[in-house]
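One file, target03.pdb, is given below (PDB, C-alpha atoms).
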```pdb
ATOM      1  CA  MET D   1      18.617  -8.763  21.888
ATOM      2  CA  SER D   2      15.249  -7.411  23.109
ATOM      3  CA  ARG D   3      12.135  -7.801  21.011
ATOM      4  CA  ALA D   4      10.982  -4.742  19.093
ATOM      5  CA  LYS D   5       7.832  -3.088  20.395
ATOM      6  CA  VAL D   6       5.151  -2.539  17.742
ATOM      7  CA  ALA D   7       2.080  -0.291  18.126
ATOM      8  CA  VAL D   8      -0.895  -0.803  15.809
ATOM      9  CA  LEU D   9      -3.030   2.332  15.954
ATOM     10  CA  ASP D  10      -6.698   3.183  15.523
ATOM     11  CA  ASP D  11      -7.981  -0.378  15.390
ATOM     12  CA  TYR D  12     -11.533   0.936  15.808
ATOM     13  CA  GLN D  13     -13.266  -2.388  15.101
ATOM     14  CA  GLU D  14     -10.688  -4.482  16.993
ATOM     15  CA  VAL D  15     -10.030  -6.602  13.907
ATOM     16  CA  ALA D  16      -6.367  -5.876  13.127
ATOM     17  CA  ALA D  17      -5.147  -8.915  15.064
ATOM     18  CA  SER D  18      -7.223 -11.215  12.854
ATOM     19  CA  CYS D  19      -6.234  -9.605   9.538
ATOM     20  CA  ALA D  20      -2.556 -10.649   9.491
ATOM     21  CA  ASP D  21      -0.094 -13.086  11.034
ATOM     22  CA  TRP D  22       1.378 -10.776  13.667
ATOM     23  CA  GLN D  23       2.724 -13.777  15.587
ATOM     24  CA  SER D  24       5.165 -14.400  12.741
ATOM     25  CA  LEU D  25       7.044 -11.304  13.917
ATOM     26  CA  ASP D  26       9.582 -11.633  16.693
ATOM     27  CA  CYS D  27       8.039  -8.537  18.271
ATOM     28  CA  ASP D  28       5.758  -7.427  21.080
ATOM     29  CA  VAL D  29       2.620  -6.088  19.377
ATOM     30  CA  THR D  30       0.114  -3.769  21.074
ATOM     31  CA  PHE D  31      -3.211  -2.822  19.472
ATOM     32  CA  PHE D  32      -4.853   0.539  20.214
ATOM     33  CA  ASP D  33      -8.596   0.616  19.537
ATOM     34  CA  ARG D  34      -9.328   4.253  20.422
ATOM     35  CA  PRO D  35      -8.118   7.518  18.887
ATOM     36  CA  PHE D  36      -5.907   9.794  20.967
ATOM     37  CA  ASP D  37      -7.589  12.981  22.160
ATOM     38  CA  ASN D  38      -4.516  15.108  21.528
ATOM     39  CA  GLU D  39      -0.838  15.040  20.642
ATOM     40  CA  ALA D  40       0.301  14.903  24.279
ATOM     41  CA  GLU D  41      -1.797  11.796  24.878
ATOM     42  CA  ALA D  42      -0.393  10.187  21.722
ATOM     43  CA  ALA D  43       3.185  10.963  22.767
ATOM     44  CA  ALA D  44       2.668   9.498  26.233
ATOM     45  CA  ALA D  45       1.037   6.330  24.913
ATOM     46  CA  LEU D  46       3.520   5.694  22.107
ATOM     47  CA  ARG D  47       6.777   6.487  23.875
ATOM     48  CA  GLY D  48       9.029   3.422  23.825
ATOM     49  CA  PHE D  49       7.669   1.895  20.635
ATOM     50  CA  GLU D  50      10.206   1.323  17.861
ATOM     51  CA  VAL D  51       7.570   0.525  15.221
ATOM     52  CA  ILE D  52       4.172   2.121  14.667
ATOM     53  CA  VAL D  53       1.525   1.001  12.171
ATOM     54  CA  ALA D  54      -0.835   3.859  11.252
ATOM     55  CA  MET D  55      -4.237   3.234   9.694
ATOM     56  CA  ARG D  56      -4.475   5.789   6.899
ATOM     57  CA  GLU D  57      -4.679   9.362   8.243
ATOM     58  CA  ARG D  58      -6.476   8.681  11.539
ATOM     59  CA  THR D  59      -3.482   9.825  13.628
ATOM     60  CA  ARG D  60      -1.378  12.816  12.596
ATOM     61  CA  PHE D  61       2.405  12.508  12.831
ATOM     62  CA  GLY D  62       3.753  16.021  12.678
ATOM     63  CA  ARG D  63       7.180  17.290  13.592
ATOM     64  CA  GLU D  64       6.435  17.744  17.303
ATOM     65  CA  LEU D  65       4.975  14.270  17.820
ATOM     66  CA  LEU D  66       7.829  12.628  15.932
ATOM     67  CA  ALA D  67      10.323  14.550  18.077
ATOM     68  CA  ALA D  68       8.556  13.266  21.194
ATOM     69  CA  LEU D  69       9.119   9.650  20.121
ATOM     70  CA  PRO D  70      12.921   9.190  20.155
ATOM     71  CA  GLU D  71      12.707   5.375  20.098
ATOM     72  CA  LEU D  72      10.610   5.305  16.920
ATOM     73  CA  ARG D  73      12.500   3.863  13.961
ATOM     74  CA  LEU D  74       9.814   2.574  11.570
ATOM     75  CA  LEU D  75       6.432   4.097  10.744
ATOM     76  CA  VAL D  76       4.217   1.992   8.460
ATOM     77  CA  THR D  77       1.178   3.650   6.921
ATOM     78  CA  THR D  78      -1.554   1.736   5.173
ATOM     79  CA  GLY D  79      -1.574   2.913   1.575
ATOM     80  CA  MET D  80       1.231   4.620  -0.297
ATOM     81  CA  ARG D  81       0.235   8.208   0.539
ATOM     82  CA  ASN D  82      -0.494   9.767   3.902
ATOM     83  CA  ALA D  83      -0.917  13.521   4.199
ATOM     84  CA  ALA D  84      -0.979  13.194   8.000
ATOM     85  CA  ILE D  85       2.705  12.216   8.151
ATOM     86  CA  ASP D  86       5.418  14.868   7.900
ATOM     87  CA  LEU D  87       7.850  12.914   5.724
ATOM     88  CA  ASP D  88      10.580  15.550   5.961
ATOM     89  CA  ALA D  89      10.444  15.538   9.759
ATOM     90  CA  ALA D  90      10.464  11.738   9.768
ATOM     91  CA  SER D  91      13.603  11.668   7.629
ATOM     92  CA  GLU D  92      15.312  14.239   9.827
ATOM     93  CA  SER D  93      14.444  12.128  12.890
ATOM     94  CA  GLY D  94      15.874   8.989  11.327
ATOM     95  CA  VAL D  95      12.459   7.343  11.019
ATOM     96  CA  THR D  96      11.879   5.113   8.006
ATOM     97  CA  VAL D  97       8.357   5.492   6.602
ATOM     98  CA  CYS D  98       6.921   2.650   4.544
ATOM     99  CA  GLY D  99       3.552   2.028   2.915
ATOM    100  CA  THR D 100       1.361  -0.832   1.803
ATOM    101  CA  ARG D 101      -0.627  -1.693  -1.263
ATOM    102  CA  SER D 102      -4.143  -0.218  -1.456
ATOM    103  CA  PRO D 103      -6.744  -1.785  -3.768
ATOM    104  CA  GLY D 104      -9.052   1.262  -3.695
ATOM    105  CA  HIS D 105     -12.129  -0.261  -5.323
ATOM    106  CA  ALA D 106     -13.984  -0.456  -1.989
ATOM    107  CA  THR D 107     -14.216   3.345  -1.829
ATOM    108  CA  ALA D 108     -15.605   3.517  -5.362
ATOM    109  CA  GLU D 109     -18.210   0.917  -4.423
ATOM    110  CA  LEU D 110     -19.255   2.911  -1.353
ATOM    111  CA  ALA D 111     -19.567   6.113  -3.380
ATOM    112  CA  PHE D 112     -22.012   4.439  -5.730
ATOM    113  CA  ALA D 113     -23.851   2.818  -2.813
ATOM    114  CA  LEU D 114     -24.407   6.317  -1.400
ATOM    115  CA  ILE D 115     -25.738   7.445  -4.788
ATOM    116  CA  GLN D 116     -28.205   4.543  -4.838
ATOM    117  CA  ASN D 117     -29.266   5.176  -1.240
ATOM    118  CA  LEU D 118     -29.903   8.852  -1.883
ATOM    119  CA  ALA D 119     -31.781   8.159  -5.105
ATOM    120  CA  ARG D 120     -34.210   5.748  -3.445
ATOM    121  CA  GLY D 121     -34.259   7.147   0.095
ATOM    122  CA  LEU D 122     -33.302   3.765   1.481
ATOM    123  CA  THR D 123     -32.371   4.956   4.965
ATOM    124  CA  THR D 124     -35.723   6.708   5.388
ATOM    125  CA  GLU D 125     -37.699   3.747   4.046
ATOM    126  CA  ILE D 126     -35.853   1.249   6.249
ATOM    127  CA  SER D 127     -36.429   3.451   9.298
ATOM    128  CA  SER D 128     -40.133   3.592   8.456
ATOM    129  CA  VAL D 129     -40.421  -0.196   8.280
ATOM    130  CA  ARG D 130     -38.529  -0.643  11.557
ATOM    131  CA  ALA D 131     -40.905   1.831  13.212
ATOM    132  CA  GLY D 132     -43.947  -0.122  12.009
ATOM    133  CA  GLY D 133     -44.691   2.047   8.988
ATOM    134  CA  TRP D 134     -44.581   1.499   5.250
ATOM    135  CA  GLN D 135     -43.764   3.594   2.158
ATOM    136  CA  VAL D 136     -43.063   7.240   2.936
ATOM    137  CA  GLY D 137     -41.240   8.673  -0.055
ATOM    138  CA  LEU D 138     -40.894   8.622  -3.805
ATOM    139  CA  GLY D 139     -37.535   7.634  -5.237
ATOM    140  CA  ARG D 140     -35.908   8.572  -8.507
ATOM    141  CA  ASP D 141     -34.286   6.581 -11.299
ATOM    142  CA  LEU D 142     -30.589   6.501 -12.037
ATOM    143  CA  ARG D 143     -31.138   5.569 -15.671
ATOM    144  CA  ASP D 144     -30.935   8.725 -17.817
ATOM    145  CA  ALA D 145     -29.839  10.828 -14.824
ATOM    146  CA  THR D 146     -26.582  12.786 -15.150
ATOM    147  CA  LEU D 147     -23.616  11.758 -13.000
ATOM    148  CA  GLY D 148     -20.897  14.371 -12.608
ATOM    149  CA  VAL D 149     -17.508  12.982 -11.590
ATOM    150  CA  ILE D 150     -14.998  15.450 -10.166
ATOM    151  CA  GLY D 151     -11.629  13.725 -10.522
ATOM    152  CA  LEU D 152     -11.358  10.978 -13.123
ATOM    153  CA  GLY D 153      -8.441   9.053 -11.646
ATOM    154  CA  ARG D 154      -8.441   5.457 -10.450
ATOM    155  CA  LEU D 155     -11.497   5.776  -8.199
ATOM    156  CA  GLY D 156     -13.401   8.330 -10.243
ATOM    157  CA  SER D 157     -13.054   6.177 -13.346
ATOM    158  CA  GLN D 158     -14.517   3.202 -11.497
ATOM    159  CA  VAL D 159     -17.512   5.224 -10.302
ATOM    160  CA  ALA D 160     -17.983   6.547 -13.838
ATOM    161  CA  GLY D 161     -18.067   2.939 -15.052
ATOM    162  CA  PHE D 162     -20.742   2.067 -12.487
ATOM    163  CA  GLY D 163     -22.801   5.016 -13.693
ATOM    164  CA  LEU D 164     -22.511   3.949 -17.316
ATOM    165  CA  ALA D 165     -23.573   0.423 -16.382
ATOM    166  CA  PHE D 166     -26.721   1.878 -14.770
ATOM    167  CA  GLY D 167     -27.559   3.834 -17.911
ATOM    168  CA  MET D 168     -26.526   7.232 -16.595
ATOM    169  CA  GLU D 169     -25.072  10.050 -18.666
ATOM    170  CA  VAL D 170     -21.624  10.588 -17.192
ATOM    171  CA  ILE D 171     -19.666  13.833 -17.396
ATOM    172  CA  ALA D 172     -16.375  14.659 -15.706
ATOM    173  CA  TRP D 173     -14.128  17.536 -14.726
ATOM    174  CA  SER D 174     -10.822  18.103 -13.014
ATOM    175  CA  GLU D 175      -8.201  20.753 -13.520
ATOM    176  CA  ASN D 176      -5.893  18.534 -15.570
ATOM    177  CA  LEU D 177      -8.421  16.213 -17.208
ATOM    178  CA  THR D 178      -7.806  15.750 -20.943
ATOM    179  CA  GLU D 179     -10.288  14.943 -23.693
ATOM    180  CA  GLU D 180      -8.316  11.786 -24.488
ATOM    181  CA  HIS D 181      -8.548  10.411 -20.958
ATOM    182  CA  ALA D 182     -12.242  11.237 -20.648
ATOM    183  CA  GLU D 183     -12.985   9.544 -23.966
ATOM    184  CA  GLY D 184     -10.969   6.524 -22.880
ATOM    185  CA  VAL D 185     -13.219   6.137 -19.846
ATOM    186  CA  GLY D 186     -16.293   6.666 -22.022
ATOM    187  CA  VAL D 187     -17.404   9.981 -20.526
ATOM    188  CA  GLN D 188     -17.628  13.600 -21.647
ATOM    189  CA  ARG D 189     -15.193  16.218 -20.348
ATOM    190  CA  VAL D 190     -16.917  19.466 -19.327
ATOM    191  CA  SER D 191     -16.095  22.593 -17.362
ATOM    192  CA  GLN D 192     -16.507  22.673 -13.592
ATOM    193  CA  GLN D 193     -19.469  25.036 -13.892
ATOM    194  CA  GLN D 194     -21.178  22.893 -16.534
ATOM    195  CA  LEU D 195     -20.749  19.799 -14.370
ATOM    196  CA  LEU D 196     -22.263  21.455 -11.299
ATOM    197  CA  VAL D 197     -25.167  22.992 -13.228
ATOM    198  CA  SER D 198     -26.023  19.858 -15.211
ATOM    199  CA  SER D 199     -25.528  16.962 -12.785
ATOM    200  CA  ASP D 200     -28.210  15.153 -10.827
ATOM    201  CA  PHE D 201     -25.460  13.546  -8.733
ATOM    202  CA  VAL D 202     -21.988  15.016  -8.158
ATOM    203  CA  THR D 203     -19.318  12.679  -6.792
ATOM    204  CA  ILE D 204     -15.853  13.830  -5.694
ATOM    205  CA  HIS D 205     -12.676  11.794  -6.208
ATOM    206  CA  LEU D 206      -9.706  14.111  -5.678
ATOM    207  CA  ARG D 207      -6.672  14.101  -3.411
ATOM    208  CA  LEU D 208      -6.553  16.787  -0.754
ATOM    209  CA  SER D 209      -4.059  19.536  -1.565
ATOM    210  CA  GLU D 210      -3.847  23.287  -1.257
ATOM    211  CA  ARG D 211      -5.461  23.421  -4.697
ATOM    212  CA  THR D 212      -8.449  21.245  -3.746
ATOM    213  CA  ARG D 213      -8.990  22.371  -0.146
ATOM    214  CA  GLY D 214     -12.324  24.231  -0.082
ATOM    215  CA  LEU D 215     -12.859  23.520  -3.785
ATOM    216  CA  ILE D 216     -16.602  23.158  -3.267
ATOM    217  CA  GLY D 217     -18.001  26.076  -1.303
ATOM    218  CA  SER D 218     -21.119  28.240  -1.292
ATOM    219  CA  ALA D 219     -20.639  29.513  -4.836
ATOM    220  CA  GLU D 220     -20.144  26.030  -6.295
ATOM    221  CA  LEU D 221     -23.003  24.448  -4.336
ATOM    222  CA  GLY D 222     -25.200  27.343  -5.414
ATOM    223  CA  MET D 223     -24.747  26.300  -9.051
ATOM    224  CA  MET D 224     -26.329  22.893  -8.435
ATOM    225  CA  GLN D 225     -29.969  22.051  -9.062
ATOM    226  CA  PRO D 226     -32.384  21.918  -6.078
ATOM    227  CA  SER D 227     -33.005  18.256  -6.983
ATOM    228  CA  ALA D 228     -29.301  17.343  -7.076
ATOM    229  CA  TYR D 229     -27.146  15.461  -4.588
ATOM    230  CA  ILE D 230     -23.423  15.661  -3.809
ATOM    231  CA  ILE D 231     -21.302  12.734  -2.597
ATOM    232  CA  ASN D 232     -17.898  13.074  -0.965
ATOM    233  CA  THR D 233     -15.801   9.990  -0.220
ATOM    234  CA  SER D 234     -12.434  11.701  -0.757
ATOM    235  CA  ARG D 235     -11.470  14.170   1.992
ATOM    236  CA  GLY D 236     -13.698  16.293   4.187
ATOM    237  CA  GLU D 237     -11.796  19.518   3.626
ATOM    238  CA  ILE D 238     -12.550  19.516  -0.107
ATOM    239  CA  VAL D 239     -16.146  20.553   0.635
ATOM    240  CA  ASP D 240     -16.964  23.472   2.935
ATOM    241  CA  GLU D 241     -19.073  21.714   5.581
ATOM    242  CA  ALA D 242     -20.853  24.853   6.792
ATOM    243  CA  ALA D 243     -21.753  25.812   3.238
ATOM    244  CA  LEU D 244     -22.999  22.288   2.511
ATOM    245  CA  LEU D 245     -25.187  22.252   5.615
ATOM    246  CA  ALA D 246     -26.650  25.661   4.754
ATOM    247  CA  GLU D 247     -27.370  24.653   1.160
ATOM    248  CA  VAL D 248     -29.108  21.434   2.203
ATOM    249  CA  ARG D 249     -31.178  23.116   4.929
ATOM    250  CA  SER D 250     -32.287  25.893   2.572
ATOM    251  CA  GLY D 251     -33.309  23.452  -0.149
ATOM    252  CA  GLY D 252     -30.591  24.638  -2.508
ATOM    253  CA  ILE D 253     -29.725  20.985  -3.116
ATOM    254  CA  ALA D 254     -31.676  17.829  -2.267
ATOM    255  CA  GLY D 255     -29.073  16.267  -0.009
ATOM    256  CA  ALA D 256     -25.621  14.761   0.349
ATOM    257  CA  GLY D 257     -23.784  11.540   1.069
ATOM    258  CA  VAL D 258     -20.656  12.178   3.143
ATOM    259  CA  ASP D 259     -18.079   9.603   4.245
ATOM    260  CA  VAL D 260     -15.263  12.009   5.164
ATOM    261  CA  PHE D 261     -15.129  14.962   7.530
ATOM    262  CA  ALA D 262     -12.792  17.773   8.497
ATOM    263  CA  ASP D 263     -12.738  16.482  12.083
ATOM    264  CA  GLU D 264     -12.688  12.699  12.614
ATOM    265  CA  PRO D 265     -14.113  10.829  14.391
ATOM    266  CA  LEU D 266     -17.119  13.090  13.829
ATOM    267  CA  PRO D 267     -17.913  15.028  17.041
ATOM    268  CA  ALA D 268     -21.080  13.860  18.819
ATOM    269  CA  ASP D 269     -22.698  17.305  18.427
ATOM    270  CA  HIS D 270     -21.828  17.762  14.752
ATOM    271  CA  PRO D 271     -24.936  19.018  12.880
ATOM    272  CA  PHE D 272     -24.479  16.447  10.092
ATOM    273  CA  ARG D 273     -25.591  13.786  12.572
ATOM    274  CA  ALA D 274     -29.043  15.340  12.931
ATOM    275  CA  GLU D 275     -29.709  16.586   9.382
ATOM    276  CA  PRO D 276     -32.001  14.004   7.697
ATOM    277  CA  ARG D 277     -31.039  15.056   4.175
ATOM    278  CA  ILE D 278     -27.345  14.393   4.808
ATOM    279  CA  LEU D 279     -26.383  10.719   4.822
ATOM    280  CA  PRO D 280     -23.194  10.476   6.935
ATOM    281  CA  THR D 281     -21.120   7.293   7.021
ATOM    282  CA  PRO D 282     -18.124   6.941   9.389
ATOM    283  CA  HIS D 283     -15.254   7.030   6.845
ATOM    284  CA  ILE D 284     -15.808   3.420   5.772
ATOM    285  CA  GLY D 285     -14.786   3.794   2.133
ATOM    286  CA  TYR D 286     -11.777   1.520   2.578
ATOM    287  CA  VAL D 287     -13.100  -0.394   5.593
ATOM    288  CA  THR D 288     -13.636  -3.909   4.214
ATOM    289  CA  ARG D 289     -12.128  -7.238   5.205
ATOM    290  CA  PRO D 290     -10.243  -7.770   1.895
ATOM    291  CA  THR D 291      -8.732  -4.275   2.074
ATOM    292  CA  TYR D 292      -7.694  -4.712   5.703
ATOM    293  CA  ASP D 293      -6.149  -8.095   4.892
ATOM    294  CA  ILE D 294      -3.938  -6.341   2.327
ATOM    295  CA  PHE D 295      -3.173  -3.357   4.575
ATOM    296  CA  TYR D 296      -2.188  -5.372   7.632
ATOM    297  CA  GLY D 297      -0.639  -8.252   5.702
ATOM    298  CA  ASP D 298       1.651  -5.811   3.917
ATOM    299  CA  ALA D 299       2.384  -4.069   7.237
ATOM    300  CA  VAL D 300       3.573  -7.350   8.772
ATOM    301  CA  GLU D 301       5.614  -8.076   5.654
ATOM    302  CA  GLY D 302       7.098  -4.573   5.812
ATOM    303  CA  ILE D 303       8.065  -4.869   9.472
ATOM    304  CA  ALA D 304       9.724  -8.241   8.853
ATOM    305  CA  ALA D 305      11.666  -6.791   5.909
ATOM    306  CA  TRP D 306      12.754  -3.783   7.987
ATOM    307  CA  LEU D 307      13.954  -6.041  10.799
ATOM    308  CA  GLU D 308      16.095  -7.842   8.218
ATOM    309  CA  GLY D 309      17.539  -4.533   6.982
ATOM    310  CA  SER D 310      15.666  -4.381   3.676
ATOM    311  CA  PRO D 311      12.571  -2.176   4.109
ATOM    312  CA  LEU D 312       9.829  -2.381   1.468
ATOM    313  CA  ARG D 313       7.749   0.340  -0.191
ATOM    314  CA  VAL D 314       9.791   3.149   1.388
ATOM    315  CA  LEU D 315       8.229   6.616   1.378
ATOM    316  CA  ALA D 316      10.868   8.380   3.460
TER     317      ALA D 316
END
```

Rewrite the structure of this file - the entire thing - as structure tokens.
Amino acid sequence: MSRAKVAVLDDYQEVAASCADWQSLDCDVTFFDRPFDNEAEAAAALRGFEVIVAMRERTRFGRELLAALPELRLLVTTGMRNAAIDLDAASESGVTVCGTRSPGHATAELAFALIQNLARGLTTEISSVRAGGWQVGLGRDLRDATLGVIGLGRLGSQVAGFGLAFGMEVIAWSENLTEEHAEGVGVQRVSQQQLLVSSDFVTIHLRLSERTRGLIGSAELGMMQPSAYIINTSRGEIVDEAALLAEVRSGGIAGAGVDVFADEPLPADHPFRAEPRILPTPHIGYVTRPTYDIFYGDAVEGIAAWLEGSPLRVLA
């Protein structure tokens, strides 16, 4: 019997091979370290692979791409949700889709790191020192500042806890947030408008859906204080990028920390790259060694289980 061919996608840092025991699989494993430019390129490169491991939502698997991969039998996504995979089309094509565990805390840590960086202007100060200069700005305190958390789920609750530990006043809003849950986290539930008007820092922790797509646009950003910052480590499409850029450039808000974008990897000519009051990071919320060890370790475990006829963590 021939060995199964496994493709591990979007290994940007070329670390996937070192994060799990791939040699334990009786398979031929190929690592791809660059994103595909388009669906046709993806189809050509992945034809013949029976197993594909997808890193989060970096590569989209829609109906047409799945149809172009007749040999594909197992698609493993890191994490237990992936909006870039058409689960119905996968099922119709006879492709089993499985997930992995996802610790999540790394993204919460990055969100608060962006808050701290924006508050103290760390990037600007570091750049000044590297250029031979010294102090160039005046930071602000987090203690007694108001942190507005949009989405008080697993990640939002962690960020709220960080804020409380730093002595911030923490308020929260989401469409289905209850008083009981907010009180359990130790924060105050408010309306969306009150959160935007009152917060010194707004941090977003929602899943992307038709309800949340474009949730923060010109009208919402216009409610914020000129001294306020917004942080998005969830999904790029939740915040209108053009509206955010316009608000920052006009001084409507002080700046933003953005880890997620509508188009990834971020195009070389994207205006966020050149705007000094927007702190862009390259979608590194979950990009830590411990998280990757879990992602890829579970992927190897899932492939081995599938080969034995007992797939784990099945999504479709």

Point-to-point distance from atom CA of D:Gly214 to atom CA of D:Trp173, Å rounded to tenths | 16.2 Å

Using the chain letters and numbers from the file, which residues does the PyMOL selection byres ((chain D and resi 18-21) around 8) grab, as number ranges by chain?
-> D: 15-17, 22-25, 289, 292-293, 296-297, 300

Identify, on the basis of only C-alpha atoms, every residue whose closest approach to D:Ser157 does not exceed 9 Å; exclude the query and any residue fewer than 5 positions from it along the same chain; express the result as a list in words.
-> Ala108, Val149, Gly151, Leu152, Phe162, Ala182 and Val185 of chain D

May I have the residues within 9 Å of D:Gly137 as a ChimeraX atom specification, using all atoms listed in the file and disregarding those fewer than 3 positions away in the same chain?
-> /D:120-121,124-125

Polymer residues at most 10 Å from D:Arg3, all atoms listed in the file, same-chain spacing of 2 or more positions, as an mmCIF file with C-alpha atoms, in the frame of the given file:
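selection_5.cif was written with the following content:
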```
data_model
loop_
_atom_site.group_PDB
_atom_site.id
_atom_site.type_symbol
_atom_site.label_atom_id
_atom_site.label_comp_id
_atom_site.auth_asym_id
_atom_site.auth_seq_id
_atom_site.Cartn_x
_atom_site.Cartn_y
_atom_site.Cartn_z
ATOM 1 C CA MET D 1 18.617 -8.763 21.888
ATOM 2 C CA LYS D 5 7.832 -3.088 20.395
ATOM 3 C CA VAL D 6 5.151 -2.539 17.742
ATOM 4 C CA LEU D 25 7.044 -11.304 13.917
ATOM 5 C CA ASP D 26 9.582 -11.633 16.693
ATOM 6 C CA CYS D 27 8.039 -8.537 18.271
ATOM 7 C CA ASP D 28 5.758 -7.427 21.080
ATOM 8 C CA VAL D 29 2.620 -6.088 19.377
ATOM 9 C CA GLU D 50 10.206 1.323 17.861
#
```

I need the residue set behind the PyMOL selection byres ((chain D and resi 92-102) around 6) for this file; please write it as a list of chain:residue names.
-> D:Arg73, D:Leu74, D:Leu75, D:Val76, D:Thr77, D:Thr78, D:Gly79, D:Met80, D:Ala89, D:Ala90, D:Ser91, D:Pro103, D:Gly104, D:Phe295, D:Asp298, D:Arg313, D:Val314, D:Leu315, D:Ala316

Check which residues satisfy the PyMOL selection byres ((chain D and resi 174) around 10) in the file shown, then give them as number ranges by chain.
-> D: 149-153, 172-173, 175-178, 189-192, 204-206

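The smallest atom-to-atom distance between D:Gly156 and any of D:Asp11, D:Asp37, D:Glu57, D:Glu109, using all atoms listed in the file, is found for D:Glu109.
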
Gap from atom CA of D:Ile278 to atom CA of D:Phe201 - Å, one decimal = 13.7 Å

Return as JSON lines the residues of stretch 151-220 of chain D lying at most 6 Å from stretch 231-255 of chain D, together with the closest atom-to-atom pair for each and the distance in Å to one decimal, counting only C-alpha atoms, with rows in chain order and ascending residue number.
```
{"residue": "D:Thr203", "atom": "CA", "partner": "D:Ile231", "partner_atom": "CA", "distance": 4.6}
{"residue": "D:Ile204", "atom": "CA", "partner": "D:Asn232", "partner_atom": "CA", "distance": 5.2}
{"residue": "D:His205", "atom": "CA", "partner": "D:Ser234", "partner_atom": "CA", "distance": 5.5}
{"residue": "D:Thr212", "atom": "CA", "partner": "D:Ile238", "partner_atom": "CA", "distance": 5.7}
{"residue": "D:Arg213", "atom": "CA", "partner": "D:Ile238", "partner_atom": "CA", "distance": 4.6}
{"residue": "D:Gly214", "atom": "CA", "partner": "D:Ile238", "partner_atom": "CA", "distance": 4.7}
{"residue": "D:Leu215", "atom": "CA", "partner": "D:Ile238", "partner_atom": "CA", "distance": 5.4}
{"residue": "D:Ile216", "atom": "CA", "partner": "D:Val239", "partner_atom": "CA", "distance": 4.7}
{"residue": "D:Gly217", "atom": "CA", "partner": "D:Asp240", "partner_atom": "CA", "distance": 5.1}
{"residue": "D:Ser218", "atom": "CA", "partner": "D:Ala243", "partner_atom": "CA", "distance": 5.2}
```

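Relative to atom CA of D:Val260, atom CA of D:Val187 is found at 25.9 Å.
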